[in-house]
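*Asks:* So that you have it, the file is final.tsv, and it contains TSV, C-alpha atoms:
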```
chain	number	residue	atom	x	y	z
Q	1	MET	CA	-154.60	59.89	2.17
Q	2	GLN	CA	-154.56	63.44	3.48
Q	3	ARG	CA	-157.09	62.56	6.15
Q	4	LEU	CA	-155.02	59.56	7.16
Q	5	TYR	CA	-151.89	61.68	7.29
Q	6	ASP	CA	-153.62	64.31	9.44
Q	7	PHE	CA	-154.93	61.60	11.76
Q	8	LEU	CA	-151.47	60.10	12.19
Q	9	ARG	CA	-150.01	63.54	12.93
Q	10	ARG	CA	-152.63	64.14	15.61
Q	11	HIS	CA	-152.02	60.70	17.21
Q	12	PRO	CA	-148.26	59.98	17.16
Q	13	MET	CA	-148.55	57.61	20.12
Q	14	TRP	CA	-150.78	55.33	18.07
Q	15	VAL	CA	-148.16	55.24	15.33
Q	16	ASP	CA	-145.43	54.35	17.82
Q	17	GLY	CA	-147.67	51.72	19.39
Q	18	PHE	CA	-148.30	50.13	15.99
Q	19	TRP	CA	-144.57	49.93	15.22
Q	20	ALA	CA	-143.89	48.52	18.70
Q	21	VAL	CA	-146.38	45.71	18.14
Q	22	PHE	CA	-145.02	45.12	14.64
Q	23	LEU	CA	-141.45	44.94	15.94
Q	24	LEU	CA	-142.53	42.59	18.73
Q	25	GLY	CA	-144.14	40.23	16.24
Q	26	ILE	CA	-141.07	40.20	13.98
Q	27	SER	CA	-138.77	39.63	16.95
Q	28	VAL	CA	-140.81	36.69	18.29
Q	29	VAL	CA	-141.13	35.05	14.86
Q	30	SER	CA	-137.46	35.56	14.05
Q	31	SER	CA	-136.25	34.27	17.42
Q	32	THR	CA	-138.56	31.24	17.33
Q	33	ALA	CA	-137.51	30.34	13.80
Q	34	GLY	CA	-133.83	30.70	14.69
Q	35	GLN	CA	-134.08	28.52	17.75
Q	36	GLU	CA	-136.04	25.83	15.87
Q	37	ALA	CA	-133.41	25.80	13.13
Q	38	ALA	CA	-130.71	25.41	15.76
Q	39	GLY	CA	-132.67	22.73	17.57
Q	40	THR	CA	-132.59	24.57	20.91
Q	41	ASP	CA	-135.22	26.01	23.18
Q	42	LEU	CA	-136.14	29.69	23.21
Q	43	PRO	CA	-134.25	31.45	26.05
Q	44	VAL	CA	-136.51	32.67	28.81
Q	45	VAL	CA	-134.92	36.14	28.97
Q	46	ILE	CA	-135.58	36.91	25.32
Q	47	ILE	CA	-139.27	37.60	25.89
Q	48	PRO	CA	-139.01	40.25	28.70
Q	49	ILE	CA	-136.06	42.01	27.02
Q	50	THR	CA	-137.91	42.10	23.70
Q	51	LEU	CA	-140.98	43.50	25.46
Q	52	LEU	CA	-138.87	46.20	27.11
Q	53	LEU	CA	-137.30	47.18	23.79
Q	54	CYS	CA	-140.72	47.37	22.15
Q	55	LEU	CA	-141.90	49.49	25.07
Q	56	VAL	CA	-139.06	51.88	24.25
Q	57	ILE	CA	-140.55	52.33	20.78
Q	58	ALA	CA	-144.06	52.85	22.12
Q	59	LEU	CA	-143.15	55.53	24.71
Q	60	ARG	CA	-140.17	57.21	23.04
Q	61	ARG	CA	-142.03	60.50	22.39
Q	62	ARG	CA	-143.63	60.79	25.80
Q	63	MET	CA	-140.53	60.13	27.92
Q	64	PRO	CA	-137.42	59.99	25.72
Q	65	GLU	CA	-134.81	60.20	28.53
Q	66	LYS	CA	-136.38	57.37	30.55
Q	67	MET	CA	-136.79	55.21	27.46
Q	68	LEU	CA	-133.12	55.80	26.62
Q	69	LEU	CA	-132.07	54.55	30.05
Q	70	LEU	CA	-134.41	51.56	29.62
Q	71	ALA	CA	-132.86	50.77	26.23
Q	72	VAL	CA	-129.32	51.00	27.64
Q	73	ALA	CA	-130.30	48.74	30.52
Q	74	SER	CA	-131.84	46.24	28.09
Q	75	GLY	CA	-128.65	46.24	26.01
Q	76	VAL	CA	-126.49	45.66	29.08
Q	77	ALA	CA	-128.83	42.79	30.11
Q	78	GLN	CA	-128.40	41.24	26.65
Q	79	LEU	CA	-124.61	41.32	27.00
Q	80	THR	CA	-124.71	40.00	30.55
Q	81	LEU	CA	-127.24	37.20	29.91
Q	82	ASP	CA	-125.67	36.19	26.58
Q	83	MET	CA	-128.80	36.99	24.59
Q	84	SER	CA	-127.82	37.41	20.95
Q	85	VAL	CA	-129.00	40.24	18.73
Q	86	VAL	CA	-132.75	40.29	17.94
Q	87	PRO	CA	-134.83	42.55	15.60
Q	88	ALA	CA	-136.11	44.39	18.68
Q	89	ASP	CA	-132.62	45.89	19.05
Q	90	PHE	CA	-133.69	48.27	16.27
Q	91	ALA	CA	-135.21	50.24	19.18
Q	92	LEU	CA	-131.66	51.33	20.12
Q	93	LEU	CA	-131.34	53.06	16.75
Q	94	VAL	CA	-134.78	54.70	17.03
Q	95	ILE	CA	-134.24	55.99	20.57
Q	96	THR	CA	-130.87	57.44	19.54
Q	97	TYR	CA	-132.59	59.53	16.83
Q	98	THR	CA	-135.45	60.50	19.17
Q	99	VAL	CA	-133.23	61.68	22.00
Q	100	ALA	CA	-130.93	63.57	19.63
Q	101	SER	CA	-133.91	65.49	18.21
Q	102	ASN	CA	-136.10	65.98	21.29
Q	103	GLY	CA	-134.20	64.99	24.42
Q	104	THR	CA	-131.91	66.89	26.73
Q	105	ARG	CA	-128.25	67.41	25.94
Q	106	TRP	CA	-126.97	64.83	28.41
Q	107	ALA	CA	-129.38	62.24	27.01
Q	108	SER	CA	-128.27	63.05	23.48
Q	109	ARG	CA	-124.61	62.55	24.35
Q	110	LEU	CA	-125.40	59.33	26.21
Q	111	ALA	CA	-127.35	58.01	23.21
Q	112	LEU	CA	-124.46	58.75	20.85
Q	113	THR	CA	-121.96	57.10	23.18
Q	114	ALA	CA	-124.12	54.02	23.74
Q	115	GLY	CA	-124.87	53.67	20.02
Q	116	LEU	CA	-121.19	53.84	19.04
Q	117	CYS	CA	-120.25	51.35	21.78
Q	118	ALA	CA	-123.00	48.85	20.89
Q	119	ALA	CA	-121.32	47.53	17.75
Q	120	PRO	CA	-117.82	46.81	19.19
Q	121	LEU	CA	-119.30	45.32	22.35
Q	122	SER	CA	-121.52	43.08	20.23
Q	123	GLN	CA	-118.54	41.86	18.23
Q	124	LEU	CA	-116.55	41.22	21.38
Q	125	ARG	CA	-119.42	39.30	23.01
Q	126	TRP	CA	-120.45	37.25	19.99
Q	127	PRO	CA	-117.46	37.06	17.65
Q	128	ASN	CA	-117.61	35.18	14.37
Q	129	GLU	CA	-114.74	32.68	14.39
Q	130	SER	CA	-114.58	32.49	10.60
Q	131	THR	CA	-114.06	36.25	10.20
Q	132	SER	CA	-110.58	37.77	10.14
Q	133	GLY	CA	-109.48	40.73	12.27
Q	134	GLY	CA	-109.96	43.14	9.38
Q	135	GLY	CA	-113.41	41.73	8.81
Q	136	HIS	CA	-114.34	42.35	12.44
Q	137	VAL	CA	-113.20	45.94	12.13
Q	138	ALA	CA	-115.23	46.40	8.94
Q	139	ILE	CA	-118.32	44.92	10.59
Q	140	VAL	CA	-117.91	47.19	13.62
Q	141	VAL	CA	-117.58	50.29	11.42
Q	142	PHE	CA	-120.52	49.22	9.27
Q	143	GLN	CA	-122.70	48.76	12.37
Q	144	MET	CA	-121.60	52.04	13.95
Q	145	VAL	CA	-122.55	54.11	10.88
Q	146	PRO	CA	-126.36	53.77	11.31
Q	147	PHE	CA	-126.14	54.98	14.92
Q	148	ALA	CA	-123.97	57.93	13.91
Q	149	LEU	CA	-126.34	58.83	11.07
Q	150	ALA	CA	-129.38	58.53	13.33
Q	151	TRP	CA	-127.79	60.86	15.87
Q	152	VAL	CA	-126.71	63.37	13.20
Q	153	LEU	CA	-130.20	63.45	11.68
Q	154	GLY	CA	-131.82	63.93	15.07
Q	155	ASP	CA	-129.39	66.67	16.10
Q	156	SER	CA	-129.86	68.42	12.74
Q	157	LEU	CA	-133.62	68.35	13.29
Q	158	ARG	CA	-133.13	69.85	16.76
Q	159	THR	CA	-130.93	72.61	15.31
Q	160	ARG	CA	-133.46	73.32	12.58
Q	161	ARG	CA	-136.30	73.56	15.08
Q	162	ALA	CA	-134.26	75.91	17.26
Q	163	TYR	CA	-133.47	78.04	14.21
Q	164	PHE	CA	-137.13	78.30	13.20
Q	165	ALA	CA	-138.11	79.04	16.80
Q	166	GLN	CA	-135.54	81.82	16.85
Q	167	LEU	CA	-136.91	83.21	13.58
Q	168	GLU	CA	-140.45	83.12	14.95
Q	169	GLU	CA	-139.32	84.84	18.15
Q	170	ARG	CA	-137.49	87.50	16.17
Q	171	ALA	CA	-140.52	88.02	13.93
Q	172	ALA	CA	-142.76	88.34	16.97
Q	173	ARG	CA	-140.32	90.79	18.58
Q	174	LEU	CA	-140.14	92.87	15.39
Q	175	GLU	CA	-143.91	92.86	15.19
Q	176	LYS	CA	-144.13	94.13	18.76
Q	177	GLU	CA	-141.52	96.79	18.00
Q	178	ARG	CA	-143.48	97.87	14.93
Q	179	GLU	CA	-146.64	98.08	17.01
Q	180	ALA	CA	-144.80	100.11	19.66
Q	181	GLN	CA	-143.39	102.45	17.01
Q	182	ALA	CA	-146.85	102.81	15.49
Q	183	LYS	CA	-148.27	103.69	18.91
Q	184	VAL	CA	-145.52	106.26	19.44
Q	185	ALA	CA	-146.22	107.74	16.02
Q	186	VAL	CA	-149.94	107.87	16.78
Q	187	ALA	CA	-149.27	109.54	20.14
Q	188	ALA	CA	-147.01	112.10	18.48
Q	189	GLU	CA	-149.62	112.78	15.81
Q	190	ARG	CA	-152.32	113.19	18.44
Q	191	ALA	CA	-150.08	115.59	20.36
Q	192	ARG	CA	-149.57	117.58	17.17
Q	193	ILE	CA	-153.31	117.64	16.57
Q	194	ALA	CA	-153.84	118.79	20.17
Q	195	ARG	CA	-151.50	121.72	19.53
Q	196	GLU	CA	-153.38	122.47	16.31
Q	197	LEU	CA	-156.68	122.44	18.19
Q	198	HIS	CA	-155.26	124.75	20.82
Q	199	ASP	CA	-154.09	127.21	18.18
Q	200	VAL	CA	-157.43	127.13	16.38
Q	201	VAL	CA	-159.56	127.46	19.51
Q	202	ALA	CA	-157.39	130.03	21.28
Q	203	HIS	CA	-157.13	132.32	18.28
Q	204	ASN	CA	-160.67	132.16	16.96
Q	205	VAL	CA	-162.39	132.19	20.33
Q	206	SER	CA	-160.36	135.22	21.44
Q	207	VAL	CA	-161.44	137.01	18.26
Q	208	MET	CA	-165.06	136.08	18.92
Q	209	VAL	CA	-164.87	137.30	22.55
Q	210	VAL	CA	-163.40	140.66	21.53
Q	211	GLN	CA	-166.00	141.13	18.80
Q	212	ALA	CA	-168.83	140.11	21.14
Q	213	ASP	CA	-167.67	142.64	23.76
Q	214	GLY	CA	-167.45	145.32	21.10
Q	215	ALA	CA	-170.90	144.48	19.73
Q	216	ALA	CA	-172.43	144.64	23.20
Q	217	TYR	CA	-170.79	148.01	23.80
Q	218	VAL	CA	-172.02	149.67	20.57
Q	219	LEU	CA	-175.28	147.76	20.20
Q	220	ASP	CA	-177.46	150.79	21.04
Q	221	SER	CA	-175.27	153.63	19.78
Q	222	ALA	CA	-173.98	152.08	16.54
Q	223	PRO	CA	-176.16	149.21	15.34
Q	224	ASP	CA	-174.25	148.94	12.04
Q	225	GLN	CA	-170.96	148.35	13.85
Q	226	ALA	CA	-172.64	145.80	16.10
Q	227	LYS	CA	-174.03	144.03	13.07
Q	228	LYS	CA	-170.58	143.97	11.46
Q	229	ALA	CA	-169.09	142.58	14.66
Q	230	LEU	CA	-171.72	139.85	14.78
Q	231	GLU	CA	-170.95	138.95	11.16
Q	232	THR	CA	-167.27	138.69	12.08
Q	233	ILE	CA	-168.17	136.43	15.01
Q	234	SER	CA	-170.24	134.24	12.69
Q	235	GLY	CA	-167.49	133.97	10.08
Q	236	THR	CA	-164.82	133.29	12.69
Q	237	GLY	CA	-166.96	130.64	14.33
Q	238	ARG	CA	-167.55	128.86	11.03
Q	239	GLN	CA	-163.83	128.93	10.28
Q	240	ALA	CA	-163.04	127.52	13.73
Q	241	LEU	CA	-165.63	124.77	13.30
Q	242	ALA	CA	-164.24	123.86	9.88
Q	243	GLU	CA	-160.69	123.54	11.21
Q	244	MET	CA	-161.81	121.66	14.32
Q	245	ARG	CA	-163.86	119.28	12.15
Q	246	ARG	CA	-160.79	118.64	10.00
Q	247	LEU	CA	-158.55	117.97	13.00
Q	248	LEU	CA	-161.05	115.85	14.88
Q	249	GLY	CA	-161.66	113.84	11.73
Q	250	VAL	CA	-158.04	112.71	11.87
Q	251	LEU	CA	-158.64	111.33	15.36
Q	252	ARG	CA	-161.47	109.09	14.21
Q	253	THR	CA	-160.54	105.44	13.96
Q	254	GLY	CA	-162.46	103.09	11.72
Q	255	GLU	CA	-164.61	105.88	10.33
Q	256	HIS	CA	-164.58	107.72	7.02
Q	257	GLN	CA	-164.83	111.42	6.48
Q	258	GLU	CA	-168.38	112.14	5.47
Q	259	SER	CA	-167.92	115.63	4.11
Q	260	GLY	CA	-165.24	115.15	1.44
Q	261	GLU	CA	-161.61	116.11	1.66
Q	262	TYR	CA	-159.92	117.79	4.60
Q	263	VAL	CA	-159.18	121.50	4.60
Q	264	PRO	CA	-155.55	122.23	3.59
Q	265	GLN	CA	-153.05	123.13	6.31
Q	266	PRO	CA	-152.55	126.89	6.73
Q	267	ASP	CA	-149.41	128.46	5.24
Q	268	VAL	CA	-147.67	131.83	5.08
Q	269	GLU	CA	-149.95	133.01	2.26
Q	270	GLN	CA	-152.83	132.97	4.75
Q	271	LEU	CA	-151.02	135.32	7.14
Q	272	ASP	CA	-152.71	138.23	5.37
Q	273	GLU	CA	-156.11	136.82	6.32
Q	274	LEU	CA	-154.92	136.21	9.88
Q	275	VAL	CA	-153.63	139.78	10.22
Q	276	GLU	CA	-156.81	141.19	8.71
Q	277	GLN	CA	-158.87	139.15	11.13
Q	278	CYS	CA	-156.88	140.59	14.04
Q	279	ARG	CA	-157.34	144.10	12.71
Q	280	SER	CA	-161.09	143.58	12.43
Q	281	SER	CA	-161.13	142.47	16.06
Q	282	GLY	CA	-159.59	145.79	17.14
Q	283	LEU	CA	-155.86	144.97	17.25
Q	284	PRO	CA	-153.79	147.18	14.93
Q	285	VAL	CA	-151.18	145.02	13.21
Q	286	ASP	CA	-148.38	146.25	10.97
Q	287	PHE	CA	-147.51	143.41	8.58
Q	288	LYS	CA	-144.46	143.51	6.29
Q	289	ILE	CA	-142.70	140.96	4.11
Q	290	GLU	CA	-139.01	141.35	3.32
Q	291	GLY	CA	-137.10	139.39	0.72
Q	292	THR	CA	-138.45	137.47	-2.23
Q	293	PRO	CA	-141.42	135.21	-1.36
Q	294	ARG	CA	-141.07	131.67	-2.66
Q	295	PRO	CA	-142.54	128.22	-1.97
Q	296	LEU	CA	-141.36	126.71	1.33
Q	297	PRO	CA	-141.61	123.23	2.86
Q	298	SER	CA	-145.09	122.64	4.24
Q	299	GLY	CA	-143.76	122.05	7.76
Q	300	VAL	CA	-141.96	125.42	7.76
Q	301	GLU	CA	-145.02	127.25	6.47
Q	302	LEU	CA	-147.34	125.65	9.02
Q	303	THR	CA	-144.88	126.42	11.84
Q	304	ALA	CA	-144.57	130.05	10.75
Q	305	TYR	CA	-148.33	130.48	10.58
Q	306	ARG	CA	-148.91	128.92	14.01
Q	307	ILE	CA	-146.18	131.01	15.67
Q	308	VAL	CA	-147.68	134.26	14.35
Q	309	GLN	CA	-151.16	133.09	15.31
Q	310	GLU	CA	-150.11	132.21	18.86
Q	311	ALA	CA	-148.15	135.43	19.32
Q	312	LEU	CA	-151.05	137.63	18.16
Q	313	THR	CA	-153.48	135.66	20.31
Q	314	ASN	CA	-151.29	136.29	23.36
Q	315	THR	CA	-151.12	139.99	22.47
Q	316	ARG	CA	-154.92	140.25	22.39
Q	317	LYS	CA	-155.23	138.42	25.68
Q	318	HIS	CA	-152.51	140.14	27.67
Q	319	GLY	CA	-151.57	143.32	25.81
Q	320	GLY	CA	-154.24	145.48	27.37
Q	321	PRO	CA	-156.04	148.40	25.75
Q	322	ASN	CA	-154.54	150.50	22.96
Q	323	THR	CA	-152.02	147.82	22.12
Q	324	GLY	CA	-150.45	147.59	18.69
Q	325	ALA	CA	-148.49	144.75	17.12
Q	326	SER	CA	-146.14	144.26	14.21
Q	327	VAL	CA	-145.31	141.16	12.17
Q	328	ARG	CA	-142.19	140.83	10.02
Q	329	LEU	CA	-141.69	137.95	7.64
Q	330	VAL	CA	-138.17	137.80	6.18
Q	331	TYR	CA	-137.11	135.46	3.39
Q	332	PHE	CA	-133.42	134.52	3.65
Q	333	ASP	CA	-131.47	132.39	1.22
Q	334	ASP	CA	-131.39	129.47	3.67
Q	335	GLY	CA	-134.33	130.11	5.93
Q	336	LEU	CA	-137.37	132.09	6.99
Q	337	GLY	CA	-137.28	134.71	9.74
Q	338	LEU	CA	-140.21	135.77	11.92
Q	339	LEU	CA	-140.52	138.73	14.25
Q	340	VAL	CA	-143.73	139.46	16.16
Q	341	GLU	CA	-143.73	142.40	18.60
Q	342	ASP	CA	-146.30	144.33	20.59
Q	343	ASP	CA	-146.19	147.43	22.78
Q	344	GLY	CA	-148.71	146.32	25.38
Q	345	LYS	CA	-148.20	145.59	29.03
Q	346	GLY	CA	-147.94	141.84	28.23
Q	347	ALA	CA	-148.21	138.87	30.56
Q	348	PRO	CA	-145.42	137.73	32.89
Q	349	HIS	CA	-142.81	135.74	30.98
Q	350	GLU	CA	-143.20	132.85	33.46
Q	351	LEU	CA	-146.83	132.45	32.41
Q	352	TYR	CA	-145.79	131.72	28.86
Q	353	GLU	CA	-143.04	129.34	29.91
Q	354	GLU	CA	-144.96	127.39	32.55
Q	355	GLY	CA	-148.55	127.41	31.48
Q	356	GLY	CA	-148.87	129.02	28.10
Q	357	ALA	CA	-150.99	131.94	27.22
Q	358	ASP	CA	-154.07	130.13	28.38
Q	359	GLY	CA	-152.49	128.57	31.45
Q	360	ARG	CA	-152.56	125.09	29.97
Q	361	GLY	CA	-149.02	124.58	28.72
Q	362	HIS	CA	-149.42	125.56	25.07
Q	363	GLY	CA	-147.68	128.97	24.99
Q	364	LEU	CA	-143.95	129.27	24.38
Q	365	ILE	CA	-143.55	125.57	25.10
Q	366	GLY	CA	-145.73	124.76	22.10
Q	367	MET	CA	-143.86	127.31	19.98
Q	368	ARG	CA	-140.49	125.82	20.92
Q	369	GLU	CA	-141.77	122.35	20.07
Q	370	ARG	CA	-142.90	123.48	16.64
Q	371	VAL	CA	-139.67	125.31	15.93
Q	372	GLY	CA	-137.61	122.35	17.17
Q	373	MET	CA	-139.48	119.99	14.83
Q	374	VAL	CA	-138.15	121.90	11.80
Q	375	GLY	CA	-134.67	122.43	13.30
Q	376	GLY	CA	-135.09	126.16	13.97
Q	377	THR	CA	-134.45	128.52	16.87
Q	378	LEU	CA	-136.86	130.63	18.93
Q	379	ASP	CA	-136.26	133.66	21.13
Q	380	ALA	CA	-139.11	135.15	23.11
Q	381	GLY	CA	-139.34	137.55	26.02
Q	382	PRO	CA	-140.23	141.07	27.17
Q	383	ARG	CA	-138.99	144.00	25.08
Q	384	PRO	CA	-136.98	146.85	26.54
Q	385	GLY	CA	-139.43	149.64	27.30
Q	386	GLY	CA	-142.48	147.34	27.46
Q	387	GLY	CA	-144.26	144.84	25.34
Q	388	PHE	CA	-143.29	141.37	24.18
Q	389	ARG	CA	-141.19	140.02	21.34
Q	390	VAL	CA	-141.18	136.65	19.61
Q	391	SER	CA	-138.51	135.96	16.99
Q	392	ALA	CA	-137.84	132.72	15.17
Q	393	LEU	CA	-135.52	131.46	12.47
Q	394	LEU	CA	-136.76	128.47	10.48
Q	395	PRO	CA	-134.16	126.80	8.27
Q	396	LEU	CA	-135.20	125.42	4.92
Q	397	LYS	CA	-133.20	122.26	5.57
Q	398	PRO	CA	-133.49	120.34	8.88
Q	399	ALA	CA	-130.44	120.41	11.11
Q	400	HIS	CA	-128.37	117.19	11.29
```
I need this file expressed as structure tokens, please.
*Replies:*
Amino acid sequence: MQRLYDFLRRHPMWVDGFWAVFLLGISVVSSTAGQEAAGTDLPVVIIPITLLLCLVIALRRRMPEKMLLLAVASGVAQLTLDMSVVPADFALLVITYTVASNGTRWASRLALTAGLCAAPLSQLRWPNESTSGGGHVAIVVFQMVPFALAWVLGDSLRTRRAYFAQLEERAARLEKEREAQAKVAVAAERARIARELHDVVAHNVSVMVVQADGAAYVLDSAPDQAKKALETISGTGRQALAEMRRLLGVLRTGEHQESGEYVPQPDVEQLDELVEQCRSSGLPVDFKIEGTPRPLPSGVELTAYRIVQEALTNTRKHGGPNTGASVRLVYFDDGLGLLVEDDGKGAPHELYEEGGADGRGHGLIGMRERVGMVGGTLDAGPRPGGGFRVSALLPLKPAH
């Protein structure tokens, strides 16, 4: 039965054709039997009109508006040629339902109007002399009800289809919006990772360059210092590779991390290591913590670490010889304060703003982005008397 049902759904025209032939057979048999019982000949017009009405059934899905006009024309011909009601007139009911569910709006209104007019016109054309006036009214109402029900069912089906189509369209639109939001989130995450990569590469590579220059300078006169510098280069390089491997692993799609879990994000507790690394590279750094240290949101800690890292990297690159730096970390009740200063000659402030410390747009612009993400404020610029200052205030609660 399921196969038969699927076959009929795939071939609706065959179903309509079967019912058209069936209706034609019933109409011919019924008309012939009625005329024989009355002792009269079968009217000539009954055959073409019956064929036209059966054709309406057969083609109602393919061309509903045209079949409606054909059905109306056949009904008018019946009234004009005095052809009484035949079983093929059931096509008027079927085409009313079809047009109401699938046809255009004008065709639907025409079908409703024609269906409601068919019953009173039929009673006027072929009245029953033995029926009273009230009986005629009852018959007319009784015959109009099927047409009204057929139209209501068809129009309800149209409304239901439109509703489901709207739901599908809305679901598709929401799916596209979700995909767009996911793409935006991915782009933002990749931008964040790019900033992380810049911080890692800029800081660690600058340390390695300074150590390599120092090792080359003292290679002959102080081999022990050169060896220590090379060990620092090796350790810094391994640390940079580990962080880059972690960040690049996030960018992989459809792949799994082969070497276990990712390295944790840096926080303020690792500032001691960062400062010590800078000192070992030849940059004196005075590091002080004020207030009572306490756990902070991970975003605030990462932002603080990256700001200090970027500021010290810029100091090494642009401070010149004999430059010293200081880092102040202040714990407030409602936030975390940062102050990074140096006494070097510094780089022009425009370089930081336009192209970053490395000329690629990741200097103060990247700092401001990080601070803005946690709802903080950043102030950076040359110090009076020389050097450069970077100060930031990171609130513990994001600004609304």
*Asks:* Taking into account only C-alpha atoms, which residue in the set Q:Ala392, Q:Ala180, Q:Ala119, Q:Leu378 is nearest to Leu329 of chain Q?
*Replies:*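 Nearest candidate to Leu329 of chain Q out of Q:Ala392, Q:Ala180, Q:Ala119, Q:Leu378: Q:Ala392.
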*Asks:* Hey, which of Q:Thr113, Q:Ser391, Q:Asn102, Q:Ser122 ends up closest to Val86 of chain Q? Count all atoms listed in the file.
*Replies:* Q:Ser122
*Asks:* Applying 12 Å and all atoms listed in the file, which residues near segment 208-212 of chain Q remain after dropping the ones on its own chain fewer than 3 positions away? List them as a compact mmCIF listing (two decimals) with C-alpha atoms, in the coordinates of the input.
*Replies:*
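Written file, selection.txt:
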```
# COMPACT_ATOMS: atom_id res chain seq x y z
CA VAL Q 201 -159.56 127.46 19.51
CA ALA Q 202 -157.39 130.03 21.28
CA HIS Q 203 -157.13 132.32 18.28
CA ASN Q 204 -160.67 132.16 16.96
CA VAL Q 205 -162.39 132.19 20.33
CA ALA Q 215 -170.90 144.48 19.73
CA ALA Q 216 -172.43 144.64 23.20
CA TYR Q 217 -170.79 148.01 23.80
CA VAL Q 218 -172.02 149.67 20.57
CA LEU Q 219 -175.28 147.76 20.20
CA GLN Q 225 -170.96 148.35 13.85
CA ALA Q 226 -172.64 145.80 16.10
CA LYS Q 227 -174.03 144.03 13.07
CA LYS Q 228 -170.58 143.97 11.46
CA ALA Q 229 -169.09 142.58 14.66
CA LEU Q 230 -171.72 139.85 14.78
CA GLU Q 231 -170.95 138.95 11.16
CA THR Q 232 -167.27 138.69 12.08
CA ILE Q 233 -168.17 136.43 15.01
CA SER Q 234 -170.24 134.24 12.69
CA GLY Q 235 -167.49 133.97 10.08
CA THR Q 236 -164.82 133.29 12.69
CA GLY Q 237 -166.96 130.64 14.33
CA ARG Q 238 -167.55 128.86 11.03
CA GLN Q 239 -163.83 128.93 10.28
CA ALA Q 240 -163.04 127.52 13.73
CA GLN Q 277 -158.87 139.15 11.13
CA CYS Q 278 -156.88 140.59 14.04
CA ARG Q 279 -157.34 144.10 12.71
CA SER Q 280 -161.09 143.58 12.43
CA SER Q 281 -161.13 142.47 16.06
CA GLY Q 282 -159.59 145.79 17.14
CA LEU Q 283 -155.86 144.97 17.25
CA THR Q 313 -153.48 135.66 20.31
CA ARG Q 316 -154.92 140.25 22.39
CA LYS Q 317 -155.23 138.42 25.68
CA GLY Q 320 -154.24 145.48 27.37
CA PRO Q 321 -156.04 148.40 25.75
```
*Asks:* What is the distance, in Å and to one decimal place, between atom CA of Val308 of chain Q and atom CA of Pro384 of chain Q?
*Replies:* 20.5 Å
*Asks:* Within 7 Å of (-137.6, 134.5, 12.5), in the coordinates the file gives, what residues turn up when you count only C-alpha atoms, written out as a ChimeraX atom specification?
*Replies:* /Q:336-339,391-394
